[in-house]
Structure formats: structure tokens, C-alpha cells
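Q: For reference, this is my_file-v6.cif, and it has mmCIF, C-alpha atoms.
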```cif
data_work
#
loop_
_atom_site.label_atom_id
_atom_site.label_comp_id
_atom_site.auth_asym_id
_atom_site.auth_seq_id
_atom_site.Cartn_x
_atom_site.Cartn_y
_atom_site.Cartn_z
CA MET A 90 207.31 137.63 72.83
CA ASN A 91 210.34 137.28 70.60
CA ALA A 92 210.10 140.83 69.38
CA GLU A 93 210.83 142.18 72.81
CA ARG A 94 213.73 139.79 73.53
CA VAL A 95 216.95 141.66 74.17
CA GLY A 96 220.08 140.85 72.27
CA PHE A 97 223.35 139.74 73.75
CA ALA A 98 224.89 143.21 73.49
CA GLY A 99 222.19 144.82 75.60
CA ALA A 100 222.47 142.16 78.28
CA ALA A 101 226.27 142.37 78.37
CA ALA A 102 226.09 146.17 78.65
CA ALA A 103 223.66 145.85 81.57
CA LEU A 104 225.96 143.36 83.27
CA ILE A 105 228.99 145.64 82.81
CA ALA A 106 227.08 148.66 84.12
CA ARG A 107 225.89 146.67 87.12
CA ASP A 108 229.36 145.43 88.06
CA LEU A 109 230.86 148.91 87.69
CA ARG A 110 228.12 150.40 89.84
CA LEU A 111 228.62 147.74 92.53
CA ALA A 112 232.37 148.40 92.53
CA LEU A 113 231.78 152.14 92.92
CA ARG A 114 229.50 151.50 95.90
CA ARG A 115 232.26 149.52 97.61
CA PRO A 116 235.58 150.92 96.41
CA GLY A 117 237.47 149.23 99.26
CA ASP A 118 237.07 145.80 97.66
CA THR A 119 238.89 146.77 94.49
CA LEU A 120 241.48 148.99 96.19
CA GLN A 121 242.67 146.24 98.54
CA PRO A 122 244.57 144.13 95.95
CA LEU A 123 246.08 147.33 94.61
CA GLY A 124 247.35 148.37 98.05
CA PHE A 125 248.67 144.85 98.52
CA PHE A 126 250.69 145.15 95.29
CA LEU A 127 252.20 148.47 96.35
CA VAL A 128 253.11 147.27 99.82
CA VAL A 129 254.65 143.97 98.66
CA THR A 130 256.81 145.64 96.03
CA ALA A 131 257.81 148.39 98.49
CA LEU A 132 259.01 145.80 100.99
CA PHE A 133 261.84 144.64 98.72
CA PRO A 134 263.85 147.89 98.71
CA LEU A 135 263.39 148.06 102.48
CA ALA A 136 264.57 144.52 103.11
CA LEU A 137 267.53 144.57 100.69
CA ASP A 138 270.79 146.46 100.61
CA PRO A 139 270.04 149.82 99.05
CA GLN A 140 272.24 149.14 96.04
CA LEU A 141 270.73 150.24 92.77
CA SER A 142 272.18 147.34 90.78
CA LEU A 143 270.79 144.76 93.23
CA LEU A 144 267.36 146.38 93.23
CA ARG A 145 267.28 146.48 89.45
CA ASP A 146 268.18 142.79 89.34
CA ILE A 147 265.26 141.76 91.49
CA ALA A 148 262.80 144.39 90.17
CA PRO A 149 261.23 142.13 87.47
CA ALA A 150 260.69 139.28 89.93
CA ALA A 151 259.29 141.58 92.62
CA LEU A 152 256.92 143.31 90.20
CA TRP A 153 255.57 140.13 88.66
CA VAL A 154 255.27 138.08 91.80
CA GLY A 155 253.50 141.08 93.33
CA ALA A 156 251.16 141.37 90.33
CA LEU A 157 250.45 137.64 90.40
CA LEU A 158 249.61 137.54 94.11
CA SER A 159 247.56 140.71 93.90
CA SER A 160 245.55 139.28 90.99
CA LEU A 161 244.95 136.15 93.05
CA LEU A 162 243.63 138.28 95.88
CA ALA A 163 241.34 140.14 93.49
CA LEU A 164 239.95 136.91 92.01
CA ASP A 165 238.03 136.27 95.18
CA LEU A 166 235.76 139.17 94.21
CA LEU A 167 234.96 137.80 90.79
CA PHE A 168 232.26 135.16 91.39
CA ARG A 169 232.01 134.66 95.14
CA GLU A 170 229.22 137.10 95.85
CA ASP A 171 227.29 136.35 92.67
CA ALA A 172 227.41 132.66 93.55
CA GLN A 173 226.18 133.29 97.08
CA ASP A 174 223.25 135.57 96.30
CA GLY A 175 222.02 133.55 93.34
CA ALA A 176 222.86 136.18 90.71
CA LEU A 177 225.11 133.75 88.87
CA GLU A 178 222.28 131.21 88.56
CA GLN A 179 220.13 133.88 86.99
CA LEU A 180 222.93 134.69 84.56
CA ALA A 181 223.30 131.02 83.61
CA LEU A 182 219.53 130.73 83.08
CA CYS A 183 218.93 133.87 81.06
CA GLY A 184 219.14 132.08 77.73
CA LEU A 185 222.05 134.12 76.37
CA PRO A 186 225.54 132.70 75.72
CA LEU A 187 227.19 132.31 79.13
CA GLN A 188 230.67 132.41 77.58
CA GLY A 189 230.17 135.93 76.32
CA LEU A 190 228.53 137.19 79.51
CA LEU A 191 231.37 135.80 81.62
CA LEU A 192 233.91 137.37 79.28
CA ALA A 193 232.17 140.72 79.88
CA LYS A 194 232.42 140.08 83.61
CA ILE A 195 236.14 139.33 83.32
CA ALA A 196 236.60 142.51 81.28
CA VAL A 197 235.06 144.58 84.08
CA HIS A 198 237.14 142.73 86.63
CA TRP A 199 240.32 143.54 84.69
CA LEU A 200 239.23 147.16 84.31
CA LEU A 201 238.78 147.43 88.08
CA THR A 202 241.78 145.44 89.30
CA GLY A 203 244.20 144.82 86.39
CA LEU A 204 244.28 148.23 84.78
CA PRO A 205 244.78 150.20 88.02
CA LEU A 206 247.68 147.87 88.85
CA VAL A 207 249.27 148.63 85.47
CA LEU A 208 248.76 152.35 86.07
CA ILE A 209 250.46 152.39 89.47
CA ALA A 210 253.21 149.98 88.40
CA PRO A 211 255.60 152.83 87.40
CA LEU A 212 255.51 153.94 91.03
CA ALA A 213 256.47 150.48 92.25
CA ALA A 214 259.01 150.08 89.45
CA SER A 215 260.76 153.35 90.26
CA ALA A 216 260.94 152.35 93.93
CA LEU A 217 262.81 149.28 92.68
CA GLY A 218 265.25 151.46 90.72
CA ALA A 219 263.87 150.91 87.22
CA PRO A 220 265.03 153.73 84.93
CA TYR A 221 262.52 156.08 83.34
CA GLU A 222 263.24 154.70 79.84
CA ALA A 223 262.14 151.22 80.93
CA MET A 224 258.59 152.31 81.86
CA PRO A 225 256.91 151.85 78.44
CA GLY A 226 258.25 148.30 78.23
CA ILE A 227 257.20 147.47 81.79
CA LEU A 228 253.74 148.90 81.19
CA ALA A 229 253.28 146.99 77.94
CA ALA A 230 254.29 143.70 79.56
CA LEU A 231 252.02 144.24 82.56
CA LEU A 232 249.14 145.31 80.32
CA LEU A 233 249.27 142.03 78.41
CA GLY A 234 250.09 139.97 81.48
CA THR A 235 247.27 141.23 83.69
CA VAL A 236 244.70 140.47 80.97
CA ALA A 237 245.97 136.90 80.75
CA LEU A 238 246.01 136.58 84.55
CA SER A 239 242.39 137.74 84.84
CA LEU A 240 241.28 135.24 82.21
CA ILE A 241 243.26 132.29 83.55
CA GLY A 242 242.40 133.13 87.14
CA GLY A 243 238.70 133.40 86.27
CA ILE A 244 238.61 129.69 85.44
CA GLY A 245 240.01 128.83 88.87
CA ALA A 246 237.63 131.27 90.53
CA GLY A 247 234.69 129.63 88.75
CA LEU A 248 235.72 126.15 89.85
CA THR A 249 236.25 127.11 93.49
CA MET A 250 233.41 129.61 93.97
CA SER A 251 231.10 127.21 95.78
CA LEU A 252 233.73 126.11 98.30
CA LYS A 253 233.82 127.76 101.70
CA ARG A 254 237.54 128.29 102.15
CA ASN A 255 238.73 128.56 98.62
CA GLY A 256 241.78 130.82 98.95
CA SER A 257 244.56 128.27 99.08
CA LEU A 258 242.90 125.90 96.61
CA LEU A 259 242.48 128.78 94.18
CA ALA A 260 246.20 129.56 94.51
CA LEU A 261 247.13 125.92 93.90
CA LEU A 262 244.93 125.80 90.80
CA VAL A 263 245.83 129.12 89.27
CA LEU A 264 249.51 129.70 90.08
CA PRO A 265 250.88 126.76 88.03
CA LEU A 266 248.81 127.89 85.03
CA ALA A 267 250.11 131.43 85.44
CA VAL A 268 253.76 130.38 85.34
CA PRO A 269 254.24 131.10 81.61
CA VAL A 270 252.85 134.61 82.12
CA LEU A 271 255.27 135.10 85.01
CA ILE A 272 258.27 133.85 83.04
CA PHE A 273 257.73 135.93 79.92
CA GLY A 274 256.51 138.96 81.82
CA ALA A 275 259.49 139.02 84.13
CA ARG A 276 261.83 138.43 81.17
CA ALA A 277 260.31 141.32 79.23
CA THR A 278 260.62 143.55 82.29
CA ALA A 279 264.26 142.56 82.83
CA LEU A 280 265.08 143.35 79.20
CA ALA A 281 263.27 146.69 79.44
CA ILE A 282 265.29 147.63 82.54
CA ALA A 283 268.52 146.57 80.83
CA GLY A 284 267.58 148.79 77.88
CA GLU A 285 267.49 145.92 75.37
CA SER A 286 264.81 144.90 72.89
CA LEU A 287 261.94 143.11 74.62
CA ALA A 288 260.11 142.15 71.45
CA ALA A 289 260.55 138.39 71.83
CA PRO A 290 259.07 137.88 75.34
CA LEU A 291 256.43 140.52 74.61
CA TYR A 292 255.25 138.62 71.53
CA LEU A 293 255.08 135.41 73.52
CA LEU A 294 253.18 137.18 76.27
CA GLY A 295 250.80 138.55 73.63
CA ALA A 296 250.33 135.05 72.23
CA ILE A 297 249.45 133.71 75.70
CA THR A 298 246.97 136.55 76.19
CA VAL A 299 245.28 135.98 72.84
CA LEU A 300 245.17 132.24 73.43
CA SER A 301 243.61 132.66 76.87
CA ALA A 302 241.11 135.21 75.55
CA THR A 303 240.07 132.70 72.88
CA LEU A 304 239.82 129.58 75.01
CA ALA A 305 239.05 130.91 78.49
CA PRO A 306 235.39 131.84 77.84
CA TRP A 307 234.46 128.22 77.17
CA ALA A 308 236.48 126.94 80.12
CA LEU A 309 234.92 129.69 82.25
CA ALA A 310 231.37 128.75 81.26
CA ALA A 311 232.08 125.07 81.96
CA ALA A 312 233.70 125.91 85.32
CA VAL A 313 230.78 128.10 86.38
CA ARG A 314 228.23 125.45 85.36
CA ILE A 315 230.10 122.88 87.44
CA GLY A 316 230.26 125.35 90.31
CA LEU A 317 226.48 125.86 90.14
CA GLU A 318 225.56 122.15 90.28
CA MET B 162 201.02 124.72 73.77
CA ASN B 163 203.14 125.17 76.86
CA GLU B 164 203.88 121.85 78.44
CA LEU B 165 206.56 120.58 80.76
CA THR B 166 207.15 116.87 80.96
CA ALA B 167 209.85 114.85 82.60
CA ASP B 168 210.19 111.18 82.64
CA ASN B 169 211.96 108.75 84.87
CA LEU B 170 214.44 111.27 86.29
CA GLN B 171 217.27 109.63 88.20
CA LEU B 172 220.01 111.38 90.09
CA TRP B 173 222.57 110.30 92.65
CA ARG B 174 224.52 112.55 94.95
CA GLY B 175 227.46 110.40 95.92
CA GLU B 176 225.91 107.36 97.65
CA GLN B 177 222.53 109.02 97.98
CA HIS B 178 219.83 108.29 95.41
CA VAL B 179 218.08 111.68 95.39
CA LEU B 180 215.71 111.49 92.44
CA ARG B 181 214.27 108.04 91.94
CA GLY B 182 212.33 107.81 88.74
CA ILE B 183 210.44 111.08 89.03
CA CYS B 184 207.81 111.75 86.35
CA VAL B 185 206.27 115.14 85.78
CA ALA B 186 203.61 116.39 83.40
CA ALA B 187 202.22 119.90 83.63
CA ALA B 188 200.37 121.61 80.80
CA GLY B 189 199.62 125.28 80.23
CA GLY B 190 197.47 126.73 83.00
CA GLN B 191 198.60 124.11 85.48
CA CYS B 192 200.62 124.43 88.63
CA LEU B 193 202.64 121.51 89.90
CA GLN B 194 203.14 121.70 93.61
CA VAL B 195 206.13 119.73 94.86
CA THR B 196 206.03 118.78 98.52
CA GLY B 197 208.15 116.57 100.69
CA ALA B 198 210.14 116.57 103.91
CA ASN B 199 213.34 118.57 104.26
CA GLY B 200 216.06 116.85 102.28
CA ALA B 201 213.59 114.95 100.09
CA GLY B 202 215.14 116.48 96.97
CA LYS B 203 212.68 119.25 96.09
CA THR B 204 215.39 121.77 95.27
CA THR B 205 217.38 119.19 93.34
CA LEU B 206 214.30 118.29 91.28
CA LEU B 207 213.59 121.94 90.52
CA ARG B 208 217.19 122.58 89.52
CA ALA B 209 217.13 119.48 87.33
CA LEU B 210 213.95 120.74 85.63
CA CYS B 211 215.75 124.02 84.90
CA GLY B 212 218.73 122.19 83.43
CA LEU B 213 221.10 123.39 86.15
CA VAL B 214 221.88 119.88 87.34
CA PRO B 215 222.81 117.25 84.75
CA LEU B 216 220.69 114.11 85.06
CA GLU B 217 222.04 110.61 85.16
CA HIS B 218 218.93 109.22 83.53
CA GLY B 219 215.70 110.54 82.07
CA ARG B 220 214.91 113.70 80.23
CA VAL B 221 213.01 116.92 80.65
CA CYS B 222 210.96 118.18 77.74
CA TRP B 223 209.47 121.62 77.17
CA ARG B 224 206.76 121.66 74.49
CA GLY B 225 207.76 118.10 73.66
CA ARG B 226 211.38 118.98 72.99
CA ASP B 227 214.28 117.81 75.14
CA ILE B 228 215.62 120.90 76.93
CA ALA B 229 219.19 119.68 76.43
CA GLU B 230 218.78 120.13 72.65
CA ASP B 231 218.37 123.89 72.80
CA PRO B 232 218.94 125.13 76.34
CA ALA B 233 219.07 128.77 75.26
CA ALA B 234 215.56 128.71 73.79
CA PHE B 235 214.24 126.91 76.87
CA HIS B 236 215.95 129.27 79.30
CA SER B 237 214.62 132.31 77.49
CA GLU B 238 211.12 131.17 78.49
CA LEU B 239 212.04 130.12 82.00
CA ALA B 240 211.84 132.28 85.09
CA TYR B 241 213.51 130.71 88.10
CA LEU B 242 213.31 131.82 91.70
CA GLY B 243 215.60 129.82 93.97
CA HIS B 244 216.27 129.92 97.70
CA ASP B 245 218.42 132.96 97.01
CA ASN B 246 216.70 135.92 95.46
CA GLY B 247 219.38 136.52 92.84
CA LEU B 248 219.42 140.21 93.74
CA LYS B 249 222.37 142.36 94.75
CA ALA B 250 222.36 143.82 98.26
CA ASP B 251 224.22 146.94 97.13
CA LEU B 252 221.78 147.93 94.40
CA THR B 253 218.40 149.53 94.91
CA ALA B 254 215.24 147.54 94.18
CA ALA B 255 214.74 149.45 90.92
CA GLU B 256 218.37 148.99 89.81
CA ASN B 257 218.12 145.28 90.56
CA LEU B 258 214.99 144.92 88.47
CA ARG B 259 216.37 147.02 85.64
CA TYR B 260 219.40 144.74 85.43
CA ALA B 261 217.40 141.53 85.76
CA ALA B 262 214.97 142.67 83.08
CA ALA B 263 217.79 143.75 80.76
CA LEU B 264 218.99 140.14 80.63
CA ARG B 265 215.63 139.06 79.26
CA ARG B 266 213.47 141.67 77.62
CA ARG B 267 212.98 145.33 77.02
CA VAL B 268 211.02 146.98 79.79
CA ARG B 269 210.14 150.59 80.41
CA PRO B 270 210.84 152.32 83.74
CA GLN B 271 207.11 152.48 84.41
CA ASP B 272 206.91 148.68 84.07
CA ILE B 273 209.47 148.36 86.83
CA ALA B 274 207.59 150.79 89.06
CA ALA B 275 204.35 148.94 88.34
CA ALA B 276 205.88 145.56 89.18
CA LEU B 277 207.20 146.88 92.50
CA ALA B 278 203.85 148.48 93.29
CA ARG B 279 202.04 145.25 92.49
CA THR B 280 204.16 143.25 94.94
CA GLY B 281 203.66 145.92 97.58
CA VAL B 282 207.19 147.28 97.79
CA ALA B 283 206.77 150.54 95.89
CA GLU B 284 208.32 152.46 98.78
CA ALA B 285 211.51 150.39 98.41
CA THR B 286 212.12 151.47 94.79
CA GLY B 287 215.08 153.72 95.58
CA GLN B 288 216.37 151.88 98.62
CA LEU B 289 219.40 149.62 98.74
CA LEU B 290 218.33 146.02 99.10
CA ARG B 291 220.52 145.50 102.16
CA ARG B 292 218.31 147.99 104.01
CA LEU B 293 215.15 145.98 103.31
CA SER B 294 213.77 143.14 105.41
CA ALA B 295 213.98 139.54 104.18
CA GLY B 296 210.27 139.58 103.33
CA GLN B 297 210.57 142.81 101.35
CA ARG B 298 213.52 141.36 99.43
CA ARG B 299 211.43 138.30 98.60
CA ARG B 300 208.74 140.63 97.29
CA VAL B 301 211.28 142.39 95.08
CA ALA B 302 212.29 138.93 93.79
CA LEU B 303 208.62 138.22 93.01
CA ALA B 304 208.50 141.49 91.08
CA ARG B 305 211.50 140.29 89.07
CA LEU B 306 209.61 137.10 88.30
CA ALA B 307 206.58 139.00 87.10
CA LEU B 308 208.76 141.23 84.91
CA ALA B 309 210.73 138.36 83.36
CA GLY B 310 207.77 137.38 81.21
CA GLY B 311 208.63 133.68 81.12
CA SER B 312 206.00 131.07 80.30
CA LEU B 313 207.47 128.56 82.75
CA TRP B 314 207.94 129.56 86.38
CA VAL B 315 210.05 127.36 88.61
CA LEU B 316 209.81 128.56 92.20
CA ASP B 317 211.65 127.17 95.19
CA GLU B 318 209.85 128.03 98.44
CA PRO B 319 208.57 131.32 97.01
CA GLY B 320 206.60 132.02 100.18
CA SER B 321 209.59 132.00 102.52
CA ASN B 322 209.73 135.13 104.71
CA LEU B 323 206.42 136.42 103.32
CA ASP B 324 203.64 137.57 105.64
CA GLU B 325 199.97 136.56 105.25
CA ARG B 326 199.27 139.25 102.67
CA GLY B 327 202.43 138.26 100.87
CA GLN B 328 201.19 134.66 100.65
CA GLY B 329 197.95 135.89 99.14
CA LEU B 330 199.85 138.05 96.70
CA LEU B 331 201.99 135.08 95.68
CA ALA B 332 198.91 132.96 94.98
CA GLU B 333 197.46 135.86 92.99
CA LEU B 334 200.64 136.19 90.91
CA ILE B 335 200.76 132.46 90.21
CA GLU B 336 197.10 132.39 89.29
CA GLY B 337 197.57 135.30 86.89
CA HIS B 338 200.45 133.46 85.30
CA LEU B 339 198.39 130.28 84.93
CA SER B 340 195.44 132.16 83.46
CA ALA B 341 197.76 133.52 80.78
CA GLY B 342 198.54 129.93 79.80
CA GLY B 343 201.78 129.63 81.76
CA VAL B 344 203.10 126.62 83.64
CA ALA B 345 204.37 126.79 87.21
CA VAL B 346 206.35 124.32 89.29
CA VAL B 347 206.43 125.30 92.93
CA ALA B 348 208.26 123.59 95.78
CA THR B 349 206.56 124.46 99.02
CA HIS B 350 205.64 123.25 102.49
CA ARG B 351 202.57 125.39 102.58
CA MET B 352 199.63 124.49 100.36
CA LEU B 353 199.06 127.07 97.68
CA ASP B 354 195.75 128.84 97.65
CA LEU B 355 194.78 127.93 94.08
CA PRO B 356 191.65 126.36 92.55
CA ALA B 357 191.93 122.56 92.72
CA ALA B 358 191.46 122.25 88.95
CA LYS B 359 194.70 124.10 88.31
CA LEU B 360 196.70 122.32 90.94
CA GLN B 361 198.62 119.07 90.73
CA SER B 362 200.64 117.63 93.52
CA LEU B 363 203.85 115.64 93.63
CA THR B 364 205.18 114.37 96.95
CA LEU B 365 208.80 113.35 97.15
CA GLN B 366 209.72 110.57 99.58
#
```
Hey, can you dump this file as C-alpha cells for me?
A:
Amino acid sequence: MNAERVGFAGAAAALIARDLRLALRRPGDTLQPLGFFLVVTALFPLALDPQLSLLRDIAPAALWVGALLSSLLALDLLFREDAQDGALEQLALCGLPLQGLLLAKIAVHWLLTGLPLVLIAPLAASALGAPYEAMPGILAALLLGTVALSLIGGIGAGLTMSLKRNGSLLALLVLPLAVPVLIFGARATALAIAGESLAAPLYLLGAITVLSATLAPWALAAAVRIGLE
Amino acid sequence: MNELTADNLQLWRGEQHVLRGICVAAAGGQCLQVTGANGAGKTTLLRALCGLVPLEHGRVCWRGRDIAEDPAAFHSELAYLGHDNGLKADLTAAENLRYAAALRRRVRPQDIAAALARTGVAEATGQLLRRLSAGQRRRVALARLALAGGSLWVLDEPGSNLDERGQGLLAELIEGHLSAGGVAVVATHRMLDLPAAKLQSLTLQ
């Protein structure tokens, strides 16, 4: 019996392949938060005076609030369906470390919702008047920030997955925890647009990301177990 | 020796005392049938036996060892079928089984085909689950159970949505599992068609 047991790596790979396949079968689910991000950030230049300096001033806030809200929208996809159809129970009962399996799930979630957001961010940023030279900095900050947001948000999604109307509760749980990401991310973006060194906020953002990647798996597993009770 | 025992299980849900000193003992080759009215706590008991619901009092032992000591080892031998099938509507039957099996053991594609054929849904192999009827989906879930290779089966209303032949097939699957020395705990309203010697009954009030 033991000889034919699979290892953790094989199980995690199967989980990742399954989630990717499911996302490909329903691309609308993952594209929605992305469209939301684009529309929200595009509304600012339309609503404001078309002055470049004004747009550049609000660009960091618009980008990061947009990214935060879009990630919140995407979180609904993370556990909801798995909790409803019993797939999450099976995952919790498979005898492999739940922390690692959930981390794999978050990784796929980021790949499907976080990474595309980072990739289209230059479009939104240029609509907000960010200069071409600022793009690498903006991308780096969003890259780190979206990873942290997926991890932190996953804990909230795990805790609220069994509730019927969980949208606003999820926002109340996750948004306060995401404030540090917002502050340092927006600061790094502002510095990048101003053409100054963004090393300091970027390091802090990196520290938050590493910290959440280290601690979130355990919090995630605990949250999901509570959600399954 | 496979053996599931539980003693004096107590659980409250808010004001409600759901499990009141439940004791369970089922050895290899035995099926424990849990009956009781709707809301009597059958599902809660089954979930507690799986370690999904923390108990307020009492303990569950598998082969004489408290399952809380090493949940991973216990879960690797457990196959659970709840109210929900634990299958994805947007995957085909074969893809669902391949994934479910990959979490537990190495299986070959022909094992998956054989499991689906055995539960009578061979024609559904390449079909998306959302296109199947509720009974066919339950049969796919039974195929998952058979593939999991666990020595303890915990089944919550496994016969729901199954037709007459499906009920017979279910009894056949459980009997095969018991003959191989496995233990089964089954919550059901409908008496299982198993030899009396292999069957124990627990009625929840």
C-alpha cells in the first residue's frame, strides 16, 4: 500500500494542472477582475481635469486601489466552488500537508489573476500619464504586491467561504490587512513616476511578501479547516 | 488489524447537543450502518469520525491509535464520500478521477477506465460532469471511492440519486471492500443489502 502512495509533489502538480484546466474551460471568471481593474483605472483620467501633472499625482493611488479591489473580486473564485462541491473536503482529507496544497492553489490563483494584472498595468499606468521610464518600477512593485495580496486575501477567503453572502465581510476582513501593501506599493509607484530611487518601499514590500508567503500557509490551512467544520 | 473505535463522543452545536455519548466499534470486514431521522446528527457523526469536526469530548481511534495524533496517516487510509461528490462539474469523469487518484496513489489510465466501467458509467468517461445526471455523477463518485484504495470508507448517504441497479452495485462495492478486510461506516435511510454477519447498526436519536 505504502509503495504506491504518491508524494506531495505529485499531488500538488495534479492540483495545479486541475485548477489551470478549470480556468481555461471558463476564461470569463478570471478575465472579469482584470477588466474591472482596467475600467476602474481608466475612469480616473475621464473624471479628472486632463492635466498631466494631476494625473501623475493620483496615478499611484488609482493603480493600487484598483489592484486591491480587483484582487478582492478575484478572491471569490479561490475557494467558493471547491467548498460547495466538496472538493475542498477531499483535499483536507487526502493525508498530505494542507498548507502546501493550499499554497499551490494560491500560486495558481496568482498566476491567473495577479500576473495578468501586472502585465496589463503598463496600459493603465500610461493612461494615467506615467512616463515610460517608470514602468519597470511600477511592474516590480505590483509583482511583489499582488503576490502578497493573493496570500493575505486567501486567508480571508478561507474564513468566509462557507458563508452565503461573503463579499462585504471578505472586504472588511482583508482590506485592513492589505493596508501595508497599499501604502508601500503606492509609495514605490509614486517614486518610480517621479524618477527617484524606489529601493526603500520596494524592500519593505518584498519583506511583507516574504513574510506572508512564510506565515500565510498555516493561517490558510487553519482558516480552511474552520470553514469546513 | 483494521479497527475503528470511538468512545463517548460529545458535540454541541450552539445550544444543541448533537452527539451525546456516541460509542462506535467496527473491526475489519464490518460495516457500521448509521440510521436516524433527518437532523439526528448522522452527517456530524461521520464528519467527526473523519476528523473534520473537532470533538468536545471523546476520541476516535483507528487501529487503537487516536486519529488526532497522526491525522495524515489516518487520512491516507480514509476514503470519504459526503453529500457532495467532491467532483468538478467542468472536468470530464476521467479527468476528475485522474485528479482524485493523484492525491492518493499512483493509478494507470486503464484503472480509471475499469473503475468507471465497474460503476456502470463507462460511456461518461470523456463527458463533462455537468452534462451527466445526478445519479451518474454519484456513480462517478463511487468509482473515485473504489480507486482511492482506502481501508476505511466513510459514506454519507451513498445511495442518494442511485437507481435500483445502482443500489445493488453500491452493496456489491461495499461487500468487496469488507471482504478485503476494510471497514465501512455508512449513513443511510435505506437498509443496505449486506449479510447480517457483516452488518452492525447504530441508530441516532
Q: I would like the residues chosen by the PyMOL selection byres ((chain B and resi 217) around 10) on the shown file; could you give them as a PyMOL selection string?
A: chain B and resi 170-173+180+214-216+218-220
Q: May I have a table of the residues of chain A lying at most 7 Å from chain B, giving each one's closest pair of atoms and their distance in Å to one decimal, counting only C-alpha atoms, ordered by chain and ascending residue number, as a Markdown table?
A:
```
| residue | atom | partner | partner_atom | distance |
| --- | --- | --- | --- | --- |
| A:Glu93 | CA | B:Arg266 | CA | 5.5 |
| A:Arg94 | CA | B:Arg266 | CA | 4.5 |
| A:Val95 | CA | B:Arg266 | CA | 4.9 |
| A:Gly99 | CA | B:Ala263 | CA | 6.9 |
| A:Ala100 | CA | B:Leu264 | CA | 4.7 |
| A:Ala103 | CA | B:Tyr260 | CA | 5.9 |
| A:Arg107 | CA | B:Tyr260 | CA | 7.0 |
| A:Leu111 | CA | B:Asp251 | CA | 6.4 |
| A:Asp174 | CA | B:Gly247 | CA | 5.3 |
| A:Gly175 | CA | B:Gly247 | CA | 4.0 |
| A:Ala176 | CA | B:Gly247 | CA | 4.1 |
| A:Gln179 | CA | B:Gly247 | CA | 6.5 |
| A:Leu182 | CA | B:His236 | CA | 5.4 |
| A:Cys183 | CA | B:His236 | CA | 5.8 |
| A:Gly184 | CA | B:Ala233 | CA | 4.1 |
| A:Leu185 | CA | B:Ala233 | CA | 6.2 |
| A:Glu318 | CA | B:Val214 | CA | 5.2 |
```
Q: Could you list, as a PyMOL selection string, every residue within 7 Å of range 265-279 of chain A, counting all atoms listed in the file and ignoring same-chain residues fewer than 5 positions away?
A: chain A and resi 149-150+153+226-227+230-231+234+238+287+290-291+293-294
Q: Applied to this file, what does the PyMOL selection byres ((chain A and resi 248) around 9) return in terms of residues, put as a list in words?
A: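 For this structure, the PyMOL selection byres ((chain A and resi 248) around 9) captures Gly243, Ile244, Gly245, Ala246, Gly247, Thr249, Met250, Ser251, Leu252, Leu259, Leu309, Ala311, Ala312, Val313, Arg314, Ile315 and Gly316 of chain A.
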Q: List the neighbours of range 126-137 of chain A out to 9 Å using all atoms listed in the file; skip same-chain residues closer than 6 positions along the sequence, and give me the result as a ChimeraX atom specification.
A: /A:143-144,147-148,151-152,154-160,206,209-210,212-214,216-218
Q: Taking the file as shown, find all residues satisfying the PyMOL selection byres ((chain A and resi 165) around 9) and write them as a PyMOL selection string.
A: chain A and resi 161-164+166-170+246+250+255-256+259
Q: Quick one, how far is CA of Ser142 in chain A from CA of Val207 in chain A?
A: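 So the answer is 23.6 Å.
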Q: Between B:Glu230, B:Glu336, B:Glu318, B:Asp324, single out the one closest to Arg351 in chain B, counting only C-alpha atoms.
A: B:Glu318
Q: What does the distance from CA of Ala196 in chain A to CA of Gly287 in chain B come to in Å, to one decimal?
A: 28.2 Å
